[in-house]
$ cat upload_24.txt   # compact mmCIF, N, CA and C atoms
# COMPACT_ATOMS: atom_id res chain seq x y z
N MET C 1 0.84 -1.19 0.00
CA MET C 1 0.00 0.00 0.00
C MET C 1 0.88 1.25 0.00
N THR C 2 0.42 2.25 -0.72
CA THR C 2 1.12 3.53 -0.72
C THR C 2 0.75 4.31 0.55
N PRO C 3 1.54 5.31 0.91
CA PRO C 3 1.19 6.10 2.10
C PRO C 3 -0.21 6.71 2.04
N ILE C 4 -0.64 7.22 0.90
CA ILE C 4 -1.98 7.82 0.84
C ILE C 4 -3.05 6.74 0.99
N GLU C 5 -2.80 5.53 0.50
CA GLU C 5 -3.76 4.44 0.70
C GLU C 5 -3.87 4.05 2.17
N ILE C 6 -2.73 4.06 2.86
CA ILE C 6 -2.74 3.77 4.30
C ILE C 6 -3.50 4.86 5.03
N ALA C 7 -3.24 6.12 4.68
CA ALA C 7 -3.94 7.24 5.31
C ALA C 7 -5.44 7.16 5.05
N LEU C 8 -5.83 6.81 3.83
CA LEU C 8 -7.25 6.65 3.52
C LEU C 8 -7.88 5.54 4.35
N GLN C 9 -7.17 4.43 4.54
CA GLN C 9 -7.71 3.36 5.37
C GLN C 9 -7.88 3.82 6.82
N GLU C 10 -6.91 4.57 7.32
CA GLU C 10 -7.02 5.12 8.67
C GLU C 10 -8.21 6.07 8.77
N ALA C 11 -8.45 6.86 7.71
CA ALA C 11 -9.59 7.78 7.70
C ALA C 11 -10.91 7.00 7.71
N ARG C 12 -10.99 5.95 6.92
CA ARG C 12 -12.21 5.11 6.89
C ARG C 12 -12.45 4.47 8.26
N ASP C 13 -11.38 4.00 8.89
CA ASP C 13 -11.51 3.41 10.22
C ASP C 13 -11.99 4.45 11.23
N ALA C 14 -11.48 5.68 11.11
CA ALA C 14 -11.91 6.76 12.00
C ALA C 14 -13.41 7.03 11.81
N ALA C 15 -13.85 7.09 10.56
CA ALA C 15 -15.27 7.31 10.29
C ALA C 15 -16.14 6.22 10.91
N ALA C 16 -15.67 4.99 10.83
CA ALA C 16 -16.41 3.86 11.40
C ALA C 16 -16.55 3.98 12.91
N ARG C 17 -15.62 4.70 13.54
CA ARG C 17 -15.68 4.94 14.99
C ARG C 17 -16.45 6.21 15.32
N GLY C 18 -16.97 6.90 14.29
CA GLY C 18 -17.71 8.14 14.52
C GLY C 18 -16.83 9.37 14.58
N GLU C 19 -15.58 9.23 14.19
CA GLU C 19 -14.64 10.35 14.17
C GLU C 19 -14.65 11.00 12.79
N VAL C 20 -14.28 12.27 12.71
CA VAL C 20 -14.11 12.92 11.42
C VAL C 20 -13.06 12.11 10.66
N PRO C 21 -13.38 11.70 9.43
CA PRO C 21 -12.50 10.78 8.71
C PRO C 21 -11.24 11.42 8.12
N VAL C 22 -10.26 11.55 8.98
CA VAL C 22 -8.94 12.01 8.57
C VAL C 22 -7.94 10.95 9.01
N GLY C 23 -7.04 10.59 8.10
CA GLY C 23 -6.01 9.61 8.41
C GLY C 23 -4.65 10.16 8.05
N ALA C 24 -3.64 9.69 8.75
CA ALA C 24 -2.28 10.17 8.52
C ALA C 24 -1.29 9.03 8.70
N VAL C 25 -0.16 9.15 8.01
CA VAL C 25 0.92 8.18 8.13
C VAL C 25 2.24 8.93 8.01
N VAL C 26 3.22 8.50 8.78
CA VAL C 26 4.58 9.03 8.69
C VAL C 26 5.48 7.91 8.19
N THR C 27 6.22 8.21 7.12
CA THR C 27 7.16 7.24 6.56
C THR C 27 8.57 7.82 6.58
N ASP C 28 9.55 6.94 6.67
CA ASP C 28 10.94 7.40 6.61
C ASP C 28 11.38 7.48 5.15
N ALA C 29 12.62 7.84 4.92
CA ALA C 29 13.12 8.03 3.55
C ALA C 29 13.05 6.75 2.72
N ALA C 30 13.06 5.60 3.37
CA ALA C 30 12.98 4.32 2.67
C ALA C 30 11.53 3.87 2.45
N GLY C 31 10.57 4.66 2.96
CA GLY C 31 9.16 4.32 2.80
C GLY C 31 8.61 3.45 3.91
N ARG C 32 9.40 3.20 4.94
CA ARG C 32 8.95 2.39 6.07
C ARG C 32 7.97 3.20 6.92
N VAL C 33 6.86 2.58 7.29
CA VAL C 33 5.84 3.25 8.11
C VAL C 33 6.34 3.32 9.56
N LEU C 34 6.41 4.55 10.07
CA LEU C 34 6.85 4.78 11.46
C LEU C 34 5.68 5.09 12.38
N GLY C 35 4.61 5.61 11.82
CA GLY C 35 3.43 5.94 12.60
C GLY C 35 2.24 6.08 11.68
N ARG C 36 1.07 5.70 12.19
CA ARG C 36 -0.16 5.82 11.41
C ARG C 36 -1.32 5.95 12.37
N ALA C 37 -2.31 6.75 11.97
CA ALA C 37 -3.46 6.96 12.86
C ALA C 37 -4.60 7.62 12.11
N GLY C 38 -5.77 7.45 12.68
CA GLY C 38 -6.94 8.21 12.29
C GLY C 38 -7.31 9.11 13.44
N ASN C 39 -8.16 10.08 13.19
CA ASN C 39 -8.59 10.97 14.27
C ASN C 39 -9.13 10.18 15.45
N ARG C 40 -8.83 10.64 16.66
CA ARG C 40 -9.35 10.03 17.89
C ARG C 40 -9.82 11.10 18.87
N VAL C 41 -10.25 12.23 18.36
CA VAL C 41 -10.67 13.36 19.21
C VAL C 41 -11.79 12.94 20.15
N GLU C 42 -12.83 12.35 19.61
CA GLU C 42 -13.99 11.95 20.43
C GLU C 42 -13.63 10.79 21.34
N GLN C 43 -12.98 9.79 20.79
CA GLN C 43 -12.62 8.59 21.56
C GLN C 43 -11.73 8.93 22.75
N ASP C 44 -10.73 9.78 22.52
CA ASP C 44 -9.77 10.11 23.57
C ASP C 44 -10.18 11.31 24.40
N HIS C 45 -11.29 11.97 24.03
CA HIS C 45 -11.71 13.21 24.70
C HIS C 45 -10.56 14.21 24.72
N ASP C 46 -9.95 14.38 23.55
CA ASP C 46 -8.72 15.18 23.42
C ASP C 46 -8.78 15.96 22.11
N ALA C 47 -8.93 17.27 22.20
CA ALA C 47 -9.04 18.11 21.00
C ALA C 47 -7.77 18.08 20.15
N SER C 48 -6.65 17.65 20.73
CA SER C 48 -5.40 17.58 19.96
C SER C 48 -5.16 16.21 19.35
N ALA C 49 -6.09 15.28 19.49
CA ALA C 49 -5.89 13.92 18.99
C ALA C 49 -6.22 13.82 17.50
N HIS C 50 -5.66 14.75 16.73
CA HIS C 50 -5.79 14.70 15.27
C HIS C 50 -4.89 13.59 14.74
N ALA C 51 -5.25 13.04 13.61
CA ALA C 51 -4.50 11.94 13.01
C ALA C 51 -3.02 12.29 12.87
N GLU C 52 -2.74 13.51 12.41
CA GLU C 52 -1.34 13.92 12.21
C GLU C 52 -0.56 13.91 13.51
N MET C 53 -1.15 14.46 14.56
CA MET C 53 -0.47 14.53 15.86
C MET C 53 -0.15 13.12 16.37
N LEU C 54 -1.12 12.23 16.25
CA LEU C 54 -0.93 10.87 16.74
C LEU C 54 0.14 10.14 15.93
N ALA C 55 0.11 10.28 14.60
CA ALA C 55 1.10 9.61 13.76
C ALA C 55 2.50 10.19 13.99
N LEU C 56 2.60 11.50 14.16
CA LEU C 56 3.90 12.12 14.42
C LEU C 56 4.48 11.63 15.76
N ARG C 57 3.63 11.56 16.77
CA ARG C 57 4.08 11.07 18.09
C ARG C 57 4.56 9.62 18.01
N GLN C 58 3.82 8.79 17.28
CA GLN C 58 4.23 7.38 17.11
C GLN C 58 5.58 7.29 16.41
N ALA C 59 5.74 8.09 15.36
CA ALA C 59 6.99 8.06 14.60
C ALA C 59 8.16 8.50 15.46
N ALA C 60 7.97 9.54 16.24
CA ALA C 60 9.04 10.02 17.12
C ALA C 60 9.41 8.95 18.14
N ALA C 61 8.40 8.28 18.68
CA ALA C 61 8.66 7.19 19.63
C ALA C 61 9.41 6.05 18.95
N ALA C 62 9.02 5.73 17.72
CA ALA C 62 9.68 4.63 16.99
C ALA C 62 11.15 4.94 16.73
N LEU C 63 11.45 6.20 16.47
CA LEU C 63 12.85 6.59 16.20
C LEU C 63 13.59 7.00 17.46
N GLY C 64 12.86 7.20 18.55
CA GLY C 64 13.49 7.65 19.78
C GLY C 64 14.07 9.05 19.65
N SER C 65 13.34 9.91 18.92
CA SER C 65 13.82 11.26 18.67
C SER C 65 12.65 12.23 18.55
N PRO C 66 12.81 13.46 19.04
CA PRO C 66 11.74 14.45 18.86
C PRO C 66 11.73 15.07 17.46
N ARG C 67 12.68 14.72 16.65
CA ARG C 67 12.75 15.26 15.29
C ARG C 67 12.73 14.13 14.27
N LEU C 68 12.09 14.42 13.14
CA LEU C 68 11.88 13.40 12.11
C LEU C 68 12.42 13.88 10.75
N PRO C 69 13.69 14.27 10.69
CA PRO C 69 14.23 14.73 9.41
C PRO C 69 14.24 13.57 8.41
N GLY C 70 13.97 13.88 7.17
CA GLY C 70 13.94 12.83 6.16
C GLY C 70 12.61 12.11 6.07
N CYS C 71 11.69 12.41 6.97
CA CYS C 71 10.40 11.72 6.99
C CYS C 71 9.33 12.52 6.25
N THR C 72 8.31 11.79 5.82
CA THR C 72 7.17 12.40 5.13
C THR C 72 5.91 12.13 5.93
N LEU C 73 5.11 13.18 6.10
CA LEU C 73 3.79 13.08 6.71
C LEU C 73 2.78 13.11 5.57
N THR C 74 1.99 12.05 5.44
CA THR C 74 0.95 11.97 4.42
C THR C 74 -0.39 11.95 5.14
N VAL C 75 -1.29 12.84 4.74
CA VAL C 75 -2.57 12.99 5.43
C VAL C 75 -3.68 13.22 4.40
N THR C 76 -4.87 12.78 4.73
CA THR C 76 -5.98 12.86 3.77
C THR C 76 -6.57 14.26 3.64
N LEU C 77 -6.31 15.14 4.58
CA LEU C 77 -6.85 16.50 4.58
C LEU C 77 -5.74 17.48 4.89
N GLU C 78 -5.76 18.61 4.23
CA GLU C 78 -4.78 19.66 4.51
C GLU C 78 -4.68 19.88 6.02
N PRO C 79 -3.49 19.80 6.59
CA PRO C 79 -3.35 19.96 8.03
C PRO C 79 -3.85 21.32 8.53
N CYS C 80 -4.47 21.28 9.69
CA CYS C 80 -4.91 22.51 10.36
C CYS C 80 -3.66 23.25 10.86
N PRO C 81 -3.80 24.48 11.33
CA PRO C 81 -2.63 25.20 11.83
C PRO C 81 -1.87 24.46 12.94
N MET C 82 -2.58 23.80 13.86
CA MET C 82 -1.91 23.07 14.94
C MET C 82 -1.03 21.96 14.37
N CYS C 83 -1.59 21.18 13.44
CA CYS C 83 -0.86 20.05 12.89
C CYS C 83 0.26 20.50 11.95
N ALA C 84 0.02 21.57 11.21
CA ALA C 84 1.07 22.12 10.34
C ALA C 84 2.26 22.59 11.18
N GLN C 85 1.97 23.27 12.28
CA GLN C 85 3.05 23.73 13.15
C GLN C 85 3.77 22.56 13.79
N ALA C 86 3.02 21.54 14.20
CA ALA C 86 3.65 20.35 14.78
C ALA C 86 4.60 19.70 13.78
N ALA C 87 4.17 19.59 12.52
CA ALA C 87 5.05 19.00 11.49
C ALA C 87 6.33 19.82 11.37
N SER C 88 6.22 21.12 11.49
CA SER C 88 7.41 21.98 11.45
C SER C 88 8.31 21.70 12.66
N PHE C 89 7.71 21.63 13.84
CA PHE C 89 8.50 21.36 15.06
C PHE C 89 9.16 19.99 15.01
N PHE C 90 8.50 19.01 14.41
CA PHE C 90 9.08 17.67 14.27
C PHE C 90 10.13 17.62 13.15
N ARG C 91 10.25 18.71 12.41
CA ARG C 91 11.22 18.84 11.31
C ARG C 91 10.97 17.84 10.18
N ILE C 92 9.68 17.63 9.90
CA ILE C 92 9.28 16.76 8.80
C ILE C 92 9.85 17.32 7.49
N ARG C 93 10.34 16.44 6.63
CA ARG C 93 10.92 16.87 5.35
C ARG C 93 9.84 17.26 4.35
N ARG C 94 8.75 16.47 4.32
CA ARG C 94 7.70 16.73 3.34
C ARG C 94 6.33 16.46 3.94
N VAL C 95 5.36 17.29 3.58
CA VAL C 95 3.96 17.09 3.95
C VAL C 95 3.19 16.87 2.65
N VAL C 96 2.51 15.74 2.58
CA VAL C 96 1.68 15.39 1.42
C VAL C 96 0.25 15.28 1.93
N PHE C 97 -0.68 15.95 1.25
CA PHE C 97 -2.07 15.85 1.68
C PHE C 97 -3.00 15.68 0.50
N GLY C 98 -4.20 15.18 0.81
CA GLY C 98 -5.21 14.93 -0.22
C GLY C 98 -6.11 16.12 -0.45
N ALA C 99 -7.18 16.21 0.32
CA ALA C 99 -8.18 17.26 0.13
C ALA C 99 -7.68 18.59 0.71
N TYR C 100 -8.01 19.66 0.01
CA TYR C 100 -7.72 21.01 0.50
C TYR C 100 -8.80 21.38 1.52
N ASP C 101 -8.43 22.25 2.47
CA ASP C 101 -9.37 22.68 3.51
C ASP C 101 -9.42 24.20 3.57
N PRO C 102 -10.26 24.82 2.71
CA PRO C 102 -10.31 26.28 2.68
C PRO C 102 -10.73 26.92 4.01
N LYS C 103 -11.53 26.22 4.82
CA LYS C 103 -12.00 26.78 6.10
C LYS C 103 -11.01 26.58 7.23
N GLY C 104 -10.43 25.39 7.34
CA GLY C 104 -9.62 25.09 8.51
C GLY C 104 -8.18 24.75 8.24
N GLY C 105 -7.77 24.80 6.98
CA GLY C 105 -6.40 24.44 6.64
C GLY C 105 -5.39 25.45 7.17
N GLY C 106 -4.18 24.98 7.35
CA GLY C 106 -3.11 25.84 7.85
C GLY C 106 -1.88 25.84 6.96
N VAL C 107 -1.97 25.21 5.79
CA VAL C 107 -0.82 25.11 4.89
C VAL C 107 -1.04 25.99 3.67
N GLU C 108 -2.03 25.65 2.86
CA GLU C 108 -2.35 26.42 1.65
C GLU C 108 -3.43 27.47 1.92
N HIS C 109 -4.13 27.33 3.03
CA HIS C 109 -5.22 28.23 3.40
C HIS C 109 -5.00 28.76 4.80
N GLY C 110 -5.86 29.68 5.22
CA GLY C 110 -5.83 30.16 6.60
C GLY C 110 -4.49 30.73 7.01
N ALA C 111 -3.94 30.20 8.07
CA ALA C 111 -2.71 30.74 8.68
C ALA C 111 -1.47 30.60 7.80
N ARG C 112 -1.49 29.67 6.86
CA ARG C 112 -0.33 29.42 5.99
C ARG C 112 0.96 29.40 6.84
N ILE C 113 0.98 28.48 7.75
CA ILE C 113 2.06 28.35 8.75
C ILE C 113 3.45 28.40 8.13
N TYR C 114 3.67 27.71 7.03
CA TYR C 114 5.03 27.60 6.48
C TYR C 114 5.49 28.88 5.79
N ALA C 115 4.57 29.77 5.48
CA ALA C 115 4.93 31.05 4.86
C ALA C 115 5.17 32.14 5.90
N ALA C 116 4.85 31.86 7.16
CA ALA C 116 5.00 32.87 8.22
C ALA C 116 6.48 33.09 8.54
N PRO C 117 6.87 34.34 8.77
CA PRO C 117 8.28 34.61 9.10
C PRO C 117 8.73 33.93 10.40
N SER C 118 7.78 33.59 11.26
CA SER C 118 8.14 32.94 12.53
C SER C 118 8.35 31.43 12.38
N CYS C 119 8.11 30.89 11.19
CA CYS C 119 8.27 29.45 10.96
C CYS C 119 9.76 29.14 10.79
N HIS C 120 10.29 28.31 11.67
CA HIS C 120 11.72 27.97 11.64
C HIS C 120 12.05 26.85 10.67
N HIS C 121 11.08 26.02 10.34
CA HIS C 121 11.30 24.92 9.40
C HIS C 121 10.07 24.76 8.52
N ALA C 122 10.24 24.95 7.24
CA ALA C 122 9.13 24.79 6.29
C ALA C 122 9.39 23.55 5.44
N PRO C 123 8.57 22.53 5.61
CA PRO C 123 8.75 21.32 4.79
C PRO C 123 8.30 21.56 3.35
N GLU C 124 8.73 20.68 2.48
CA GLU C 124 8.20 20.65 1.13
C GLU C 124 6.73 20.25 1.26
N VAL C 125 5.86 20.82 0.43
CA VAL C 125 4.42 20.53 0.50
C VAL C 125 3.92 20.06 -0.86
N VAL C 126 3.16 18.96 -0.85
CA VAL C 126 2.51 18.45 -2.04
C VAL C 126 1.05 18.28 -1.69
N GLY C 127 0.18 19.06 -2.31
CA GLY C 127 -1.24 18.98 -2.02
C GLY C 127 -2.03 18.39 -3.17
N GLY C 128 -3.23 17.91 -2.86
CA GLY C 128 -4.14 17.42 -3.88
C GLY C 128 -3.94 15.99 -4.31
N VAL C 129 -3.20 15.20 -3.53
CA VAL C 129 -2.97 13.79 -3.89
C VAL C 129 -4.25 12.99 -3.60
N ARG C 130 -4.81 12.43 -4.65
CA ARG C 130 -6.09 11.71 -4.55
C ARG C 130 -7.16 12.58 -3.88
N GLU C 131 -7.12 13.83 -4.25
CA GLU C 131 -7.99 14.84 -3.66
C GLU C 131 -9.47 14.45 -3.71
N GLY C 132 -9.92 14.01 -4.86
CA GLY C 132 -11.34 13.66 -5.00
C GLY C 132 -11.78 12.59 -4.03
N GLU C 133 -11.00 11.54 -3.91
CA GLU C 133 -11.34 10.44 -3.00
C GLU C 133 -11.34 10.90 -1.55
N CYS C 134 -10.34 11.69 -1.19
CA CYS C 134 -10.24 12.20 0.18
C CYS C 134 -11.40 13.14 0.50
N ALA C 135 -11.74 14.02 -0.43
CA ALA C 135 -12.83 14.97 -0.22
C ALA C 135 -14.18 14.26 -0.15
N THR C 136 -14.38 13.26 -0.99
CA THR C 136 -15.63 12.51 -0.99
C THR C 136 -15.86 11.82 0.34
N LEU C 137 -14.82 11.26 0.90
CA LEU C 137 -14.92 10.60 2.21
C LEU C 137 -15.44 11.58 3.27
N LEU C 138 -14.90 12.78 3.27
CA LEU C 138 -15.33 13.81 4.23
C LEU C 138 -16.77 14.27 3.94
N ARG C 139 -17.08 14.53 2.68
CA ARG C 139 -18.43 15.00 2.31
C ARG C 139 -19.48 13.98 2.71
N GLU C 140 -19.22 12.72 2.42
CA GLU C 140 -20.20 11.68 2.74
C GLU C 140 -20.38 11.53 4.26
N PHE C 141 -19.31 11.66 5.00
CA PHE C 141 -19.38 11.57 6.47
C PHE C 141 -20.28 12.67 7.02
N PHE C 142 -20.05 13.91 6.57
CA PHE C 142 -20.83 15.03 7.11
C PHE C 142 -22.25 15.02 6.58
N ALA C 143 -22.48 14.55 5.36
CA ALA C 143 -23.84 14.43 4.82
C ALA C 143 -24.64 13.44 5.66
N ALA C 144 -24.03 12.35 6.06
CA ALA C 144 -24.71 11.34 6.89
C ALA C 144 -25.08 11.90 8.25
N LEU C 145 -24.25 12.78 8.79
CA LEU C 145 -24.56 13.39 10.09
C LEU C 145 -25.78 14.30 10.01
N ARG C 146 -25.99 14.92 8.84
CA ARG C 146 -27.10 15.86 8.68
C ARG C 146 -28.43 15.17 8.38
N ARG C 147 -28.40 13.90 8.12
CA ARG C 147 -29.65 13.17 7.79
C ARG C 147 -30.48 12.90 9.01
$ encode --input "upload_24.txt" --output "structure tokens"
Amino acid sequence: MTPIEIALQEARDAAARGEVPVGAVVTDAAGRVLGRAGNRVEQDHDASAHAEMLALRQAAAALGSPRLPGCTLTVTLEPCPMCAQAASFFRIRRVVFGAYDPKGGGVEHGARIYAAPSCHHAPEVVGGVREGECATLLREFFAALRR
């Protein structure tokens, strides 16, 4: 499975648990999975339990380091400002995401964390990977809530 496929599976699993369907995976330069997660905000009663935060923490624990140089964070939705800043603090080499988030994003939208002069580390960013599939997963989840 590719990193975006793993992230999509994590997002589907999160949706099945009643969480907003966002999934994330951290891989090293060789493509080895170091951390993977879906949102657990409701389950953990923790507003910071976003998929990205959980996957980054797992990867750091796996490497025994607070920094993840050479690693890629792949996520199904454009990271929010909190998660974008966390990726910077973890020194992630690249952030890859699926769906854009005009309302809550922190990379291409909103705060644009990596463009801020206060950002000490700006990873390479690749957006729109399997965007349609990632966006559809979110749209269908929220449409079902409104029924």
$ atom_distance --input "upload_24.txt" --atom1 "CA of Pro69 in chain C" --atom2 "atom C of Ala86 in chain C"
11.7 Å
$ residues_near_point --input "upload_24.txt" --point "(-4.3, 8.0, 3.8)" --cutoff "5 Å" --atoms "only N, CA and C atoms" --output "MDAnalysis selection string"
chainID C and resid 3:9 23 76
$ atom_distance --input "upload_24.txt" --atom1 "CA of Ala61 in chain C" --atom2 "CA of Gly38 in chain C"
17.3 Å
$ select_by_dssp --input "upload_24.txt" --residues "range 77-141 of chain C" --states "strand (DSSP E or B)" --output "ChimeraX atom specification"
/C:77,94-99,124-126
$ write_last_selection --input "upload_24.txt" --atoms "N, CA and C atoms" --output "mmCIF file, in the frame of the given file"
data_model
loop_
_atom_site.group_PDB
_atom_site.id
_atom_site.type_symbol
_atom_site.label_atom_id
_atom_site.label_comp_id
_atom_site.auth_asym_id
_atom_site.auth_seq_id
_atom_site.Cartn_x
_atom_site.Cartn_y
_atom_site.Cartn_z
ATOM 1 N N LEU C 77 -6.310 15.140 4.580
ATOM 2 C CA LEU C 77 -6.850 16.500 4.580
ATOM 3 C C LEU C 77 -5.740 17.480 4.890
ATOM 4 N N ARG C 94 8.750 16.470 4.320
ATOM 5 C CA ARG C 94 7.700 16.730 3.340
ATOM 6 C C ARG C 94 6.330 16.460 3.940
ATOM 7 N N VAL C 95 5.360 17.290 3.580
ATOM 8 C CA VAL C 95 3.960 17.090 3.950
ATOM 9 C C VAL C 95 3.190 16.870 2.650
ATOM 10 N N VAL C 96 2.510 15.740 2.580
ATOM 11 C CA VAL C 96 1.680 15.390 1.420
ATOM 12 C C VAL C 96 0.250 15.280 1.930
ATOM 13 N N PHE C 97 -0.680 15.950 1.250
ATOM 14 C CA PHE C 97 -2.070 15.850 1.680
ATOM 15 C C PHE C 97 -3.000 15.680 0.500
ATOM 16 N N GLY C 98 -4.200 15.180 0.810
ATOM 17 C CA GLY C 98 -5.210 14.930 -0.220
ATOM 18 C C GLY C 98 -6.110 16.120 -0.450
ATOM 19 N N ALA C 99 -7.180 16.210 0.320
ATOM 20 C CA ALA C 99 -8.180 17.260 0.130
ATOM 21 C C ALA C 99 -7.680 18.590 0.710
ATOM 22 N N GLU C 124 8.730 20.680 2.480
ATOM 23 C CA GLU C 124 8.200 20.650 1.130
ATOM 24 C C GLU C 124 6.730 20.250 1.260
ATOM 25 N N VAL C 125 5.860 20.820 0.430
ATOM 26 C CA VAL C 125 4.420 20.530 0.500
ATOM 27 C C VAL C 125 3.920 20.060 -0.860
ATOM 28 N N VAL C 126 3.160 18.960 -0.850
ATOM 29 C CA VAL C 126 2.510 18.450 -2.040
ATOM 30 C C VAL C 126 1.050 18.280 -1.690
#
$ closest_residue --input "upload_24.txt" --among "C:Val129, C:Pro81, C:Leu56, C:Ala15" --to "Gly104 in chain C" --atoms "only N, CA and C atoms"
C:Pro81
$ closest_residue --input "upload_24.txt" --among "C:Asp46, C:Leu34, C:Leu145, C:Gly98" --to "Gly64 in chain C" --atoms "only C-alpha atoms"
C:Leu34
$ atom_distance --input "upload_24.txt" --atom1 "atom N of Gln43 in chain C" --atom2 "CA of Ala11 in chain C"
13.7 Å
$ residues_around --input "upload_24.txt" --residues "Thr72 in chain C" --least-positions-apart "5" --cutoff "12 Å" --atoms "only C-alpha atoms" --output "number ranges by chain"
C: 3-4, 24-36, 52, 55-56, 59, 67, 87-88, 90-97, 123-126
$ residues_around --input "upload_24.txt" --residues "Arg139 in chain C" --least-positions-apart "5" --cutoff "12 Å" --atoms "only C-alpha atoms" --output "number ranges by chain"
C: 15, 20-22, 77, 99, 101, 132-134, 144-146
$ residues_around --input "upload_24.txt" --residues "Asn39 in chain C" --least-positions-apart "5" --cutoff "6 Å" --atoms "only C-alpha atoms" --output "JSON list (two decimals) with N, CA and C atoms, in the coordinates of the input"
[["chain", "number", "residue", "atom", "x", "y", "z"],
["C", 14, "ALA", "N", -11.48, 5.68, 11.11],
["C", 14, "ALA", "CA", -11.91, 6.76, 12.00],
["C", 14, "ALA", "C", -13.41, 7.03, 11.81],
["C", 22, "VAL", "N", -10.26, 11.55, 8.98],
["C", 22, "VAL", "CA", -8.94, 12.01, 8.57],
["C", 22, "VAL", "C", -7.94, 10.95, 9.01],
["C", 50, "HIS", "N", -5.66, 14.75, 16.73],
["C", 50, "HIS", "CA", -5.79, 14.70, 15.27],
["C", 50, "HIS", "C", -4.89, 13.59, 14.74],
["C", 51, "ALA", "N", -5.25, 13.04, 13.61],
["C", 51, "ALA", "CA", -4.50, 11.94, 13.01],
["C", 51, "ALA", "C", -3.02, 12.29, 12.87]]
